[in-house]
>>> print(open('upload26.cif').read())   # mmCIF, C-alpha atoms
data_target
loop_
_atom_site.label_atom_id
_atom_site.label_comp_id
_atom_site.auth_asym_id
_atom_site.auth_seq_id
_atom_site.Cartn_x
_atom_site.Cartn_y
_atom_site.Cartn_z
CA MET A 1 0.00 0.00 0.00
CA SER A 2 1.50 3.34 -1.08
CA LEU A 3 0.78 6.04 1.50
CA PRO A 4 2.15 9.54 2.12
CA LEU A 5 2.87 8.78 5.79
CA PRO A 6 3.59 5.73 7.98
CA LEU A 7 0.82 3.26 8.84
CA VAL A 8 0.96 1.40 12.16
CA VAL A 9 -1.44 -1.56 12.57
CA VAL A 10 -1.80 -3.20 16.02
CA SER A 11 -4.19 -5.55 17.83
CA GLY A 12 -4.92 -6.60 21.41
CA THR A 13 -6.12 -5.05 24.63
CA PRO A 14 -5.70 -1.26 24.88
CA GLY A 15 -2.46 -1.76 26.80
CA GLU A 16 -1.16 -4.29 24.28
CA CYS A 17 -2.10 -2.03 21.38
CA GLY A 18 -0.26 0.82 23.05
CA VAL A 19 2.90 -1.19 23.63
CA ALA A 20 2.89 -2.50 20.05
CA TYR A 21 2.32 1.01 18.67
CA GLY A 22 5.07 2.40 20.88
CA LYS A 23 7.55 -0.22 19.69
CA ALA A 24 6.60 0.14 16.03
CA ALA A 25 6.95 3.93 16.04
CA ALA A 26 9.53 4.29 18.82
CA ASP A 27 11.96 6.44 16.84
CA LEU A 28 9.23 8.77 15.59
CA ILE A 29 7.60 9.04 19.03
CA GLY A 30 10.94 9.84 20.64
CA LEU A 31 11.67 12.54 18.07
CA ASN A 32 8.19 14.03 18.38
CA THR A 33 8.41 14.09 22.18
CA ALA A 34 11.76 15.88 22.00
CA ASN A 35 10.30 18.26 19.44
CA TYR A 36 7.38 19.18 21.69
CA LEU A 37 9.62 19.59 24.71
CA GLU A 38 11.41 22.29 22.73
CA ARG A 39 8.10 23.85 21.69
CA PHE A 40 6.80 23.85 25.27
CA ALA A 41 9.96 25.65 26.39
CA SER A 42 10.02 28.23 23.59
CA SER A 43 6.27 28.88 23.26
CA ALA A 44 4.97 28.36 26.79
CA GLY A 45 8.05 28.79 28.99
CA LEU A 46 7.70 25.27 30.40
CA ASP A 47 10.85 23.39 31.33
CA ARG A 48 10.96 19.60 31.41
CA PRO A 49 9.99 19.21 35.11
CA ALA A 50 7.00 21.50 34.58
CA VAL A 51 5.96 19.55 31.47
CA ARG A 52 6.10 16.31 33.44
CA ARG A 53 4.01 17.81 36.26
CA TYR A 54 1.30 18.78 33.80
CA GLY A 55 1.57 15.38 32.16
CA ALA A 56 1.01 13.67 35.50
CA LEU A 57 -2.20 15.68 36.00
CA PHE A 58 -3.40 14.75 32.50
CA ARG A 59 -2.60 11.11 33.20
CA GLU A 60 -4.54 11.10 36.46
CA ALA A 61 -7.63 12.63 34.81
CA SER A 62 -7.38 10.29 31.81
CA HIS A 63 -7.26 7.19 34.01
CA GLU A 64 -10.31 8.43 35.90
CA TYR A 65 -12.50 9.43 32.95
CA ALA A 66 -11.11 7.53 29.94
CA PRO A 67 -9.38 4.47 31.43
CA ARG A 68 -9.11 2.42 28.24
CA VAL A 69 -7.51 5.33 26.40
CA ALA A 70 -5.18 5.86 29.36
CA ASP A 71 -4.17 2.20 29.33
CA MET A 72 -3.23 2.57 25.67
CA LEU A 73 -1.19 5.72 26.31
CA ASP A 74 0.62 4.05 29.20
CA GLY A 75 1.46 1.25 26.77
CA VAL A 76 2.73 3.75 24.19
CA ALA A 77 5.16 5.16 26.74
CA GLU A 78 6.33 1.68 27.70
CA GLY A 79 6.76 0.49 24.13
CA ALA A 80 8.56 3.62 22.96
CA ASP A 81 10.64 3.88 26.16
CA VAL A 82 9.51 7.47 26.74
CA ASP A 83 8.62 8.98 30.10
CA VAL A 84 4.91 8.35 30.61
CA ASN A 85 4.17 11.87 31.83
CA GLU A 86 5.86 13.31 28.76
CA ILE A 87 3.57 11.19 26.59
CA TYR A 88 0.54 12.67 28.36
CA ALA A 89 1.97 16.18 28.00
CA LEU A 90 2.40 15.47 24.30
CA ASN A 91 -1.29 14.56 24.14
CA GLY A 92 -2.02 17.80 26.01
CA ARG A 93 -0.03 19.98 23.63
CA SER A 94 -3.07 22.13 22.82
CA GLU A 95 -3.66 22.71 26.52
CA LEU A 96 -0.02 23.67 27.18
CA MET A 97 0.80 26.02 24.32
CA TYR A 98 -0.73 28.46 21.87
CA ALA A 99 -1.82 26.45 18.86
CA GLY A 100 -3.30 29.14 16.61
CA THR A 101 -6.44 28.69 14.56
CA GLU A 102 -6.45 25.53 12.55
CA CYS A 103 -8.64 23.28 10.40
CA THR A 104 -11.84 23.53 8.39
CA ALA A 105 -14.31 20.64 8.65
CA ILE A 106 -17.23 19.51 6.49
CA GLY A 107 -20.09 17.06 7.07
CA VAL A 108 -22.50 15.92 4.35
CA LEU A 109 -25.59 13.78 4.89
CA ASP A 110 -26.33 10.91 2.52
CA THR A 111 -29.30 12.85 1.13
CA ARG A 112 -26.82 15.30 -0.47
CA THR A 113 -24.21 12.88 -1.84
CA VAL A 114 -24.16 11.29 -5.28
CA THR A 115 -23.38 7.90 -3.74
CA GLY A 116 -25.93 8.14 -0.93
CA HIS A 117 -23.09 7.83 1.58
CA THR A 118 -22.48 9.92 4.71
CA LEU A 119 -19.22 11.88 4.40
CA LEU A 120 -16.95 13.86 6.70
CA ALA A 121 -13.90 15.84 5.56
CA GLN A 122 -11.36 18.29 6.85
CA ASN A 123 -7.99 19.93 6.38
CA TRP A 124 -5.63 19.46 9.31
CA ASP A 125 -3.78 22.75 9.66
CA TRP A 126 -0.78 22.89 11.97
CA HIS A 127 2.87 23.93 12.11
CA PRO A 128 4.60 22.61 8.94
CA ALA A 129 7.49 21.24 11.01
CA GLN A 130 5.03 18.67 12.41
CA ARG A 131 4.44 16.96 9.06
CA PRO A 132 7.32 14.45 9.49
CA TYR A 133 5.91 13.32 12.85
CA SER A 134 2.48 12.36 11.49
CA LEU A 135 1.19 8.82 10.98
CA LEU A 136 -1.88 6.65 10.54
CA LEU A 137 -2.81 4.39 13.45
CA ALA A 138 -5.10 1.36 13.01
CA THR A 139 -6.12 -0.62 16.09
CA ARG A 140 -8.28 -3.68 16.72
CA ASP A 141 -9.04 -4.26 20.38
CA GLU A 142 -9.81 -7.50 22.22
CA ARG A 143 -13.54 -7.00 21.52
CA GLY A 144 -12.98 -6.75 17.77
CA SER A 145 -13.58 -2.99 17.55
CA GLN A 146 -11.45 -1.36 14.84
CA VAL A 147 -10.33 2.27 14.62
CA LEU A 148 -8.34 4.10 11.94
CA ALA A 149 -7.08 7.60 12.72
CA LEU A 150 -4.70 10.24 11.47
CA THR A 151 -2.54 11.36 14.37
CA GLU A 152 0.85 12.59 15.54
CA ALA A 153 3.42 10.09 16.77
CA GLY A 154 2.68 9.37 20.43
CA MET A 155 -0.96 10.45 20.16
CA LEU A 156 -3.97 8.21 19.44
CA ALA A 157 -6.31 10.22 17.20
CA LYS A 158 -7.26 13.28 15.26
CA ALA A 159 -9.67 12.74 12.36
CA GLY A 160 -10.72 9.10 12.13
CA LEU A 161 -13.41 6.45 11.90
CA ASN A 162 -14.27 3.03 13.24
CA ASP A 163 -15.77 -0.18 11.88
CA ALA A 164 -19.21 0.76 13.25
CA GLY A 165 -19.33 3.54 10.65
CA LEU A 166 -18.74 6.28 13.21
CA GLY A 167 -16.31 9.07 12.37
CA VAL A 168 -15.05 12.36 13.73
CA CYS A 169 -13.31 15.48 12.45
CA VAL A 170 -11.89 18.12 14.76
CA ASN A 171 -11.24 21.86 15.08
CA LEU A 172 -9.50 23.78 17.82
CA LEU A 173 -11.65 26.27 19.74
CA GLY A 174 -10.75 28.72 22.49
CA SER A 175 -12.93 29.95 25.35
CA SER A 176 -12.67 31.85 28.62
CA ARG A 177 -13.07 28.53 30.48
CA ASP A 178 -9.97 26.88 29.03
CA ARG A 179 -7.07 25.56 31.10
CA ARG A 180 -9.26 24.35 33.94
CA SER A 181 -7.70 21.66 36.07
CA GLY A 182 -9.00 18.13 36.43
CA GLY A 183 -10.08 17.46 32.84
CA VAL A 184 -8.71 15.22 30.12
CA PRO A 185 -6.71 16.68 27.20
CA TYR A 186 -8.72 17.06 24.04
CA HIS A 187 -6.66 14.47 22.13
CA VAL A 188 -7.62 11.92 24.80
CA LEU A 189 -11.27 12.97 24.45
CA LEU A 190 -11.03 12.53 20.68
CA ARG A 191 -9.87 8.96 21.04
CA ALA A 192 -12.55 8.19 23.61
CA VAL A 193 -15.20 9.39 21.15
CA LEU A 194 -13.78 7.15 18.42
CA GLU A 195 -13.98 4.15 20.76
CA ALA A 196 -17.81 4.48 20.84
CA ARG A 197 -19.91 2.10 18.74
CA LEU A 198 -23.12 4.16 18.73
CA LEU A 199 -23.58 7.82 17.82
CA GLY A 200 -25.51 8.46 21.01
CA ASP A 201 -22.69 6.96 23.07
CA ALA A 202 -20.10 9.05 21.22
CA ILE A 203 -22.10 12.19 22.01
CA LYS A 204 -22.39 11.13 25.64
CA VAL A 205 -18.62 10.64 25.86
CA ALA A 206 -18.00 14.06 24.33
CA CYS A 207 -20.47 15.80 26.63
CA ALA A 208 -19.94 13.95 29.91
CA THR A 209 -16.14 13.70 29.98
CA PRO A 210 -14.61 16.58 31.95
CA ARG A 211 -12.18 18.57 29.79
CA CYS A 212 -9.75 21.40 30.33
CA SER A 213 -9.89 23.02 26.91
CA SER A 214 -12.39 23.76 24.15
CA ILE A 215 -12.74 21.56 21.09
CA ASN A 216 -15.10 21.25 18.14
CA LEU A 217 -16.14 17.73 17.17
CA LEU A 218 -17.90 17.08 13.87
CA VAL A 219 -19.36 13.63 14.48
CA GLY A 220 -21.30 11.33 12.16
CA GLN A 221 -22.35 7.73 11.68
CA ALA A 222 -23.55 5.64 8.77
CA PHE A 223 -26.28 3.25 9.89
CA ALA A 224 -27.58 -0.02 8.45
CA ALA A 225 -28.58 -0.26 4.79
CA GLY A 226 -31.73 1.71 4.12
CA VAL A 227 -31.41 3.83 7.28
CA PRO A 228 -30.17 7.38 6.57
CA GLY A 229 -26.96 8.40 8.34
CA GLU A 230 -26.56 11.30 10.74
CA VAL A 231 -24.05 14.14 11.29
CA LEU A 232 -23.92 16.82 13.98
CA ASP A 233 -21.44 19.30 15.39
CA LEU A 234 -20.50 19.58 19.06
CA GLU A 235 -18.78 22.70 20.35
CA VAL A 236 -17.42 21.25 23.56
CA VAL A 237 -16.12 23.79 26.10
CA PRO A 238 -15.32 23.11 29.76
CA GLY A 239 -18.68 22.83 31.49
CA ASP A 240 -20.93 23.24 28.46
CA VAL A 241 -21.71 22.03 24.93
CA GLY A 242 -23.15 23.75 21.88
CA VAL A 243 -24.97 21.62 19.29
CA LEU A 244 -25.26 22.47 15.58
CA ASN A 245 -27.13 20.43 12.97
CA PRO A 246 -26.83 20.28 9.18
CA VAL A 247 -28.78 22.73 7.03
CA ASP A 248 -29.85 21.41 3.63
CA GLY A 249 -27.80 18.29 4.34
CA VAL A 250 -24.50 20.11 4.94
CA ILE A 251 -22.62 21.41 7.97
CA THR A 252 -19.21 23.12 8.15
CA HIS A 253 -17.05 24.48 10.94
CA ALA A 254 -13.83 26.43 11.49
CA ASN A 255 -12.34 27.71 14.76
CA HIS A 256 -14.84 30.12 16.29
CA ILE A 257 -17.86 29.24 18.41
CA GLU A 258 -21.16 29.45 16.50
CA ALA A 259 -23.66 28.19 19.10
CA ALA A 260 -25.03 30.48 21.82
CA LEU A 261 -22.74 29.32 24.59
CA PRO A 262 -22.34 31.37 27.82
CA VAL A 263 -18.56 31.77 27.37
CA PHE A 264 -16.29 34.33 25.80
CA ASP A 265 -14.81 33.05 22.53
CA VAL A 266 -11.13 34.07 22.77
CA VAL A 267 -10.79 33.72 18.99
CA ARG A 268 -12.91 36.89 18.76
CA ASN A 269 -9.90 38.77 20.13
CA LEU A 270 -7.68 37.21 17.47
CA GLY A 271 -9.87 37.45 14.38
CA GLY A 272 -8.50 35.87 11.23
CA SER A 273 -9.71 33.52 8.54
CA THR A 274 -11.88 31.39 10.81
CA PHE A 275 -14.63 34.00 10.40
CA PHE A 276 -15.02 33.25 6.70
CA ARG A 277 -13.68 29.72 6.13
CA SER A 278 -16.73 27.88 7.49
CA ALA A 279 -19.26 30.07 5.67
CA ARG A 280 -17.20 29.94 2.48
CA ALA A 281 -17.08 26.14 2.60
CA ARG A 282 -20.88 26.06 2.91
CA ARG A 283 -21.29 28.35 -0.10
CA LEU A 284 -18.82 26.38 -2.20
CA LEU A 285 -20.74 23.18 -1.51
CA GLY A 286 -23.78 24.74 -3.22
CA GLY A 287 -27.13 22.98 -3.47
CA GLU A 288 -26.49 20.18 -5.93
CA PRO A 289 -25.68 16.53 -5.16
CA LEU A 290 -22.08 16.28 -4.00
CA ASP A 291 -19.34 13.82 -4.88
CA GLU A 292 -15.92 13.40 -3.30
CA LYS A 293 -14.23 15.51 -5.98
CA HIS A 294 -16.45 18.41 -4.94
CA LEU A 295 -15.40 18.09 -1.30
CA GLN A 296 -11.74 17.77 -2.31
CA ALA A 297 -12.08 20.96 -4.36
CA VAL A 298 -13.43 22.81 -1.32
CA LEU A 299 -10.48 21.59 0.77
CA ALA A 300 -8.16 22.95 -1.97
CA ASP A 301 -9.90 26.36 -2.15
CA HIS A 302 -7.71 29.50 -2.11
CA GLY A 303 -10.25 32.16 -1.23
CA GLY A 304 -8.37 34.46 1.17
CA TYR A 305 -5.00 32.92 0.23
CA PRO A 306 -2.72 32.13 2.03
CA GLN A 307 -5.07 32.09 5.05
CA SER A 308 -7.56 30.07 3.05
CA ILE A 309 -9.31 26.74 3.56
CA CYS A 310 -6.22 25.34 1.83
CA ARG A 311 -3.75 27.04 4.17
CA HIS A 312 -0.20 27.92 3.07
CA ASP A 313 2.84 28.68 5.24
CA ILE A 314 3.63 32.18 4.03
CA ASP A 315 2.60 35.08 6.23
CA ALA A 316 3.04 34.07 9.88
CA PRO A 317 4.44 36.87 12.09
CA SER A 318 6.47 34.37 14.12
CA ASP A 319 7.65 30.77 13.90
CA ALA A 320 5.23 29.72 16.65
CA GLU A 321 2.29 30.98 14.55
CA ARG A 322 3.22 29.23 11.30
CA SER A 323 0.46 27.03 9.92
CA GLU A 324 -0.19 24.97 6.82
CA SER A 325 -2.71 22.36 5.67
CA LEU A 326 -0.60 19.30 6.42
CA PHE A 327 -3.15 16.75 5.21
CA GLY A 328 -6.64 16.69 3.77
CA VAL A 329 -8.88 13.89 5.07
CA LEU A 330 -12.14 12.52 3.67
CA LEU A 331 -14.10 9.85 5.55
CA ASP A 332 -16.70 7.70 3.78
CA LEU A 333 -18.55 6.33 6.78
CA ASP A 334 -20.55 3.79 4.78
CA GLU A 335 -17.44 2.27 3.21
CA ARG A 336 -15.36 2.64 6.41
CA ARG A 337 -12.79 4.33 4.19
CA MET A 338 -10.34 7.18 4.77
CA THR A 339 -8.96 9.10 1.82
CA ILE A 340 -5.87 11.10 2.76
CA THR A 341 -4.28 13.80 0.66
CA PRO A 342 -0.83 15.19 1.46
CA GLY A 343 -1.09 18.92 1.95
CA PRO A 344 -1.50 21.57 1.03
CA PRO A 345 -4.26 19.74 -0.90
CA CYS A 346 -3.93 22.04 -3.93
CA GLN A 347 -0.42 20.66 -4.53
CA ALA A 348 -1.16 16.95 -4.14
CA ASP A 349 -0.48 14.67 -7.08
CA ALA A 350 -2.84 12.02 -5.75
CA SER A 351 -5.05 10.98 -2.82
CA HIS A 352 -4.71 7.63 -1.07
CA ASP A 353 -7.51 5.33 0.11
CA ILE A 354 -7.29 3.21 3.25
CA ARG A 355 -10.14 0.84 4.09
CA LEU A 356 -10.54 -0.63 7.53
CA ALA A 357 -11.66 -3.95 6.04
CA GLY A 358 -8.28 -4.51 4.43
CA LEU A 359 -6.06 -3.75 7.41
CA PHE A 360 -6.78 -6.71 9.68
CA VAL A 361 -6.49 -10.07 7.94
#
>>> encode(input="upload26.cif", output="structure tokens")
Amino acid sequence: MSLPLPLVVVSGTPGECGVAYGKAAADLIGLNTANYLERFASSAGLDRPAVRRYGALFREASHEYAPRVADMLDGVAEGADVDVNEIYALNGRSELMYAGTECTAIGVLDTRTVTGHTLLAQNWDWHPAQRPYSLLLATRDERGSQVLALTEAGMLAKAGLNDAGLGVCVNLLGSSRDRRSGGVPYHVLLRAVLEARLLGDAIKVACATPRCSSINLLVGQAFAAGVPGEVLDLEVVPGDVGVLNPVDGVITHANHIEAALPVFDVVRNLGGSTFFRSARARRLLGGEPLDEKHLQAVLADHGGYPQSICRHDIDAPSDAERSESLFGVLLDLDERRMTITPGPPCQADASHDIRLAGLFV
């Protein structure tokens, strides 16, 4: 299988999956951990002891509220021979440092697609130096549940889907309630959502799990044949949740809060392209039946270039604020298929399909 980034495939209990993943990607996890230790120091003023103290708090909360995810992360640290608290700090990178505004996400109901399939898509925008530390992680646990996710080495999920036809895309948010103590990092929450087999359970996980930062989850599930799929958007802030539903079969989201939540959206003090990317994506999707090429074209759009849906690393005022569309992701929830495009998507020669059904034989 020709892919633009490494693929790690593991099976077993959460702990066994974590150990196997850690061993398989040990070099990359070690390099990514060292890379983030430097970022924490330069961007947040956190030395290694401080990073480990925060990591220990994240670990404690994760074991309390997402124990299976925590078991996997403990295994990652063991397998990669990396300090366990540094692994949890890595998974809490968005809680520990300024991460800028990143990502544009799209959800399309089966009533609007040419194939009749439920689709999710997004660009993952982040610092271009992080591209070499990215990978695809496929897991099958002891119960037979399978998950495929794009992630960073040492983490367990960003955009992804599972064999129950449930998928998630993600955007960073920022609110006045962020950096509360006692919650799980949002990358841990992401993985916990992807572990759910039912859409209602995934929503419950997202809403009921205490968190210490704000995150937007675009969640969907394809149901049995003949039963229309469903997509919704959850703006999850510490202590509250905003819910958005598709309009005319389509929903989009960027990095500002759109629901009427009783918090101050800190992105409103920053401004930027988030205020037009979501609306622009909706307009570009139009009203006709949509195919995957249409969604890919939206992910490659240059309106507002270089701060466009297809983001380019050109105009950042500092190194810490550099951002680029590292990968474009499309999830066909009916086919349990991820299509990944190396970014920026406008420059990609080809996209690559990965189907869950073909990974575990």
>>> residues_around(input="upload26.cif", residues="stretch 249-261 of chain A", least_positions_apart="6", cutoff="9 Å", atoms="all atoms listed in the file", output="PyMOL selection string")
chain A and resi 101-113+171-175+215-216+218+231-233+235+237+240-243+267-268+273-279+281-282+285
>>> resolve_selection(input="upload26.cif", expression="the PyMOL selection byres ((chain A and resi 213) around 10)", output="number ranges by chain")
A: 92, 94-96, 172-181, 183-186, 210-212, 214-215, 236-239
>>> residues_around(input="upload26.cif", residues="stretch 315-320 of chain A", least_positions_apart="5", cutoff="12 Å", atoms="all atoms listed in the file", output="PyMOL selection string")
chain A and resi 36+38-44+97-101+126-130+272+305-308
>>> atom_distance(input="upload26.cif", atom1="atom CA of A:Thr151", atom2="atom CA of A:Leu333")
18.4 Å
>>> resolve_selection(input="upload26.cif", expression="the PyMOL selection byres ((chain A and resi 25) around 12)", output="PDB file with C-alpha atoms, in the frame of the given file")
ATOM      1  CA  PRO A   6       3.590   5.730   7.980  1.00  0.00           C
ATOM      2  CA  LEU A   7       0.820   3.260   8.840  1.00  0.00           C
ATOM      3  CA  VAL A   8       0.960   1.400  12.160  1.00  0.00           C
ATOM      4  CA  VAL A   9      -1.440  -1.560  12.570  1.00  0.00           C
ATOM      5  CA  VAL A  10      -1.800  -3.200  16.020  1.00  0.00           C
ATOM      6  CA  GLY A  18      -0.260   0.820  23.050  1.00  0.00           C
ATOM      7  CA  VAL A  19       2.900  -1.190  23.630  1.00  0.00           C
ATOM      8  CA  ALA A  20       2.890  -2.500  20.050  1.00  0.00           C
ATOM      9  CA  TYR A  21       2.320   1.010  18.670  1.00  0.00           C
ATOM     10  CA  GLY A  22       5.070   2.400  20.880  1.00  0.00           C
ATOM     11  CA  LYS A  23       7.550  -0.220  19.690  1.00  0.00           C
ATOM     12  CA  ALA A  24       6.600   0.140  16.030  1.00  0.00           C
ATOM     13  CA  ALA A  26       9.530   4.290  18.820  1.00  0.00           C
ATOM     14  CA  ASP A  27      11.960   6.440  16.840  1.00  0.00           C
ATOM     15  CA  LEU A  28       9.230   8.770  15.590  1.00  0.00           C
ATOM     16  CA  ILE A  29       7.600   9.040  19.030  1.00  0.00           C
ATOM     17  CA  GLY A  30      10.940   9.840  20.640  1.00  0.00           C
ATOM     18  CA  LEU A  31      11.670  12.540  18.070  1.00  0.00           C
ATOM     19  CA  ASN A  32       8.190  14.030  18.380  1.00  0.00           C
ATOM     20  CA  THR A  33       8.410  14.090  22.180  1.00  0.00           C
ATOM     21  CA  VAL A  76       2.730   3.750  24.190  1.00  0.00           C
ATOM     22  CA  ALA A  77       5.160   5.160  26.740  1.00  0.00           C
ATOM     23  CA  GLU A  78       6.330   1.680  27.700  1.00  0.00           C
ATOM     24  CA  GLY A  79       6.760   0.490  24.130  1.00  0.00           C
ATOM     25  CA  ALA A  80       8.560   3.620  22.960  1.00  0.00           C
ATOM     26  CA  ASP A  81      10.640   3.880  26.160  1.00  0.00           C
ATOM     27  CA  VAL A  82       9.510   7.470  26.740  1.00  0.00           C
ATOM     28  CA  TYR A 133       5.910  13.320  12.850  1.00  0.00           C
ATOM     29  CA  SER A 134       2.480  12.360  11.490  1.00  0.00           C
ATOM     30  CA  LEU A 135       1.190   8.820  10.980  1.00  0.00           C
ATOM     31  CA  LEU A 136      -1.880   6.650  10.540  1.00  0.00           C
ATOM     32  CA  LEU A 137      -2.810   4.390  13.450  1.00  0.00           C
ATOM     33  CA  GLU A 152       0.850  12.590  15.540  1.00  0.00           C
ATOM     34  CA  ALA A 153       3.420  10.090  16.770  1.00  0.00           C
ATOM     35  CA  GLY A 154       2.680   9.370  20.430  1.00  0.00           C
ATOM     36  CA  MET A 155      -0.960  10.450  20.160  1.00  0.00           C
TER      37      MET A 155
END
>>> residues_around(input="upload26.cif", residues="stretch 293-300 of chain A", least_positions_apart="5", cutoff="7 Å", atoms="all atoms listed in the file", output="short mmCIF file (atom, residue, chain, number, x, y, z; two decimals) with C-alpha atoms, in the frame of the given file")
data_model
loop_
_atom_site.label_atom_id
_atom_site.label_comp_id
_atom_site.auth_asym_id
_atom_site.auth_seq_id
_atom_site.Cartn_x
_atom_site.Cartn_y
_atom_site.Cartn_z
CA GLN A 122 -11.36 18.29 6.85
CA ASN A 123 -7.99 19.93 6.38
CA ALA A 281 -17.08 26.14 2.60
CA LEU A 284 -18.82 26.38 -2.20
CA ILE A 309 -9.31 26.74 3.56
CA CYS A 310 -6.22 25.34 1.83
CA GLY A 328 -6.64 16.69 3.77
CA PRO A 345 -4.26 19.74 -0.90
CA CYS A 346 -3.93 22.04 -3.93
#
>>> resolve_selection(input="upload26.cif", expression="the PyMOL selection byres ((chain A and resi 149) around 8)", output="PyMOL selection string")
chain A and resi 136-138+147-148+150-151+156-161
>>> write_last_selection(input="upload26.cif", atoms="C-alpha atoms", output="short mmCIF file (atom, residue, chain, number, x, y, z; two decimals), keeping the file's coordinate frame")
data_model
loop_
_atom_site.label_atom_id
_atom_site.label_comp_id
_atom_site.auth_asym_id
_atom_site.auth_seq_id
_atom_site.Cartn_x
_atom_site.Cartn_y
_atom_site.Cartn_z
CA LEU A 136 -1.88 6.65 10.54
CA LEU A 137 -2.81 4.39 13.45
CA ALA A 138 -5.10 1.36 13.01
CA VAL A 147 -10.33 2.27 14.62
CA LEU A 148 -8.34 4.10 11.94
CA LEU A 150 -4.70 10.24 11.47
CA THR A 151 -2.54 11.36 14.37
CA LEU A 156 -3.97 8.21 19.44
CA ALA A 157 -6.31 10.22 17.20
CA LYS A 158 -7.26 13.28 15.26
CA ALA A 159 -9.67 12.74 12.36
CA GLY A 160 -10.72 9.10 12.13
CA LEU A 161 -13.41 6.45 11.90
#
>>> residues_around(input="upload26.cif", residues="stretch 140-146 of chain A", least_positions_apart="5", cutoff="6 Å", atoms="all atoms listed in the file", output="VMD selection string")
chain A and resid 11 to 13 162 to 163
>>> residues_around(input="upload26.cif", residues="A:Leu199", least_positions_apart="3", cutoff="12 Å", atoms="all atoms listed in the file", output="ChimeraX atom specification")
/A:161-162,164-168,193-196,202-206,218-223,229-233
>>> closest_residue(input="upload26.cif", among="A:Leu73, A:Leu3, A:Ala66, A:Leu198", to="A:Glu16", atoms="all atoms listed in the file")
A:Leu73
>>> atom_distance(input="upload26.cif", atom1="atom CA of A:Gly75", atom2="atom CA of A:His63")
12.8 Å
>>> closest_residue(input="upload26.cif", among="A:Asp313, A:Glu288, A:Asp332, A:Glu64", to="A:Ala121", atoms="all atoms listed in the file")
A:Asp332
>>> closest_residue(input="upload26.cif", among="A:Pro262, A:Pro228, A:Gly116, A:Gly303", to="A:Leu290", atoms="all atoms listed in the file")
A:Gly116
>>> closest_residue(input="upload26.cif", among="A:Leu37, A:Leu189, A:Leu120, A:Val361", to="A:Tyr65", atoms="all atoms listed in the file")
A:Leu189
>>> closest_residue(input="upload26.cif", among="A:Thr139, A:Ser323, A:Pro14, A:Pro246", to="A:Ala357", atoms="all atoms listed in the file")
A:Thr139
>>> atom_distance(input="upload26.cif", atom1="atom CA of A:Gly182", atom2="atom CA of A:Pro49")
19.1 Å
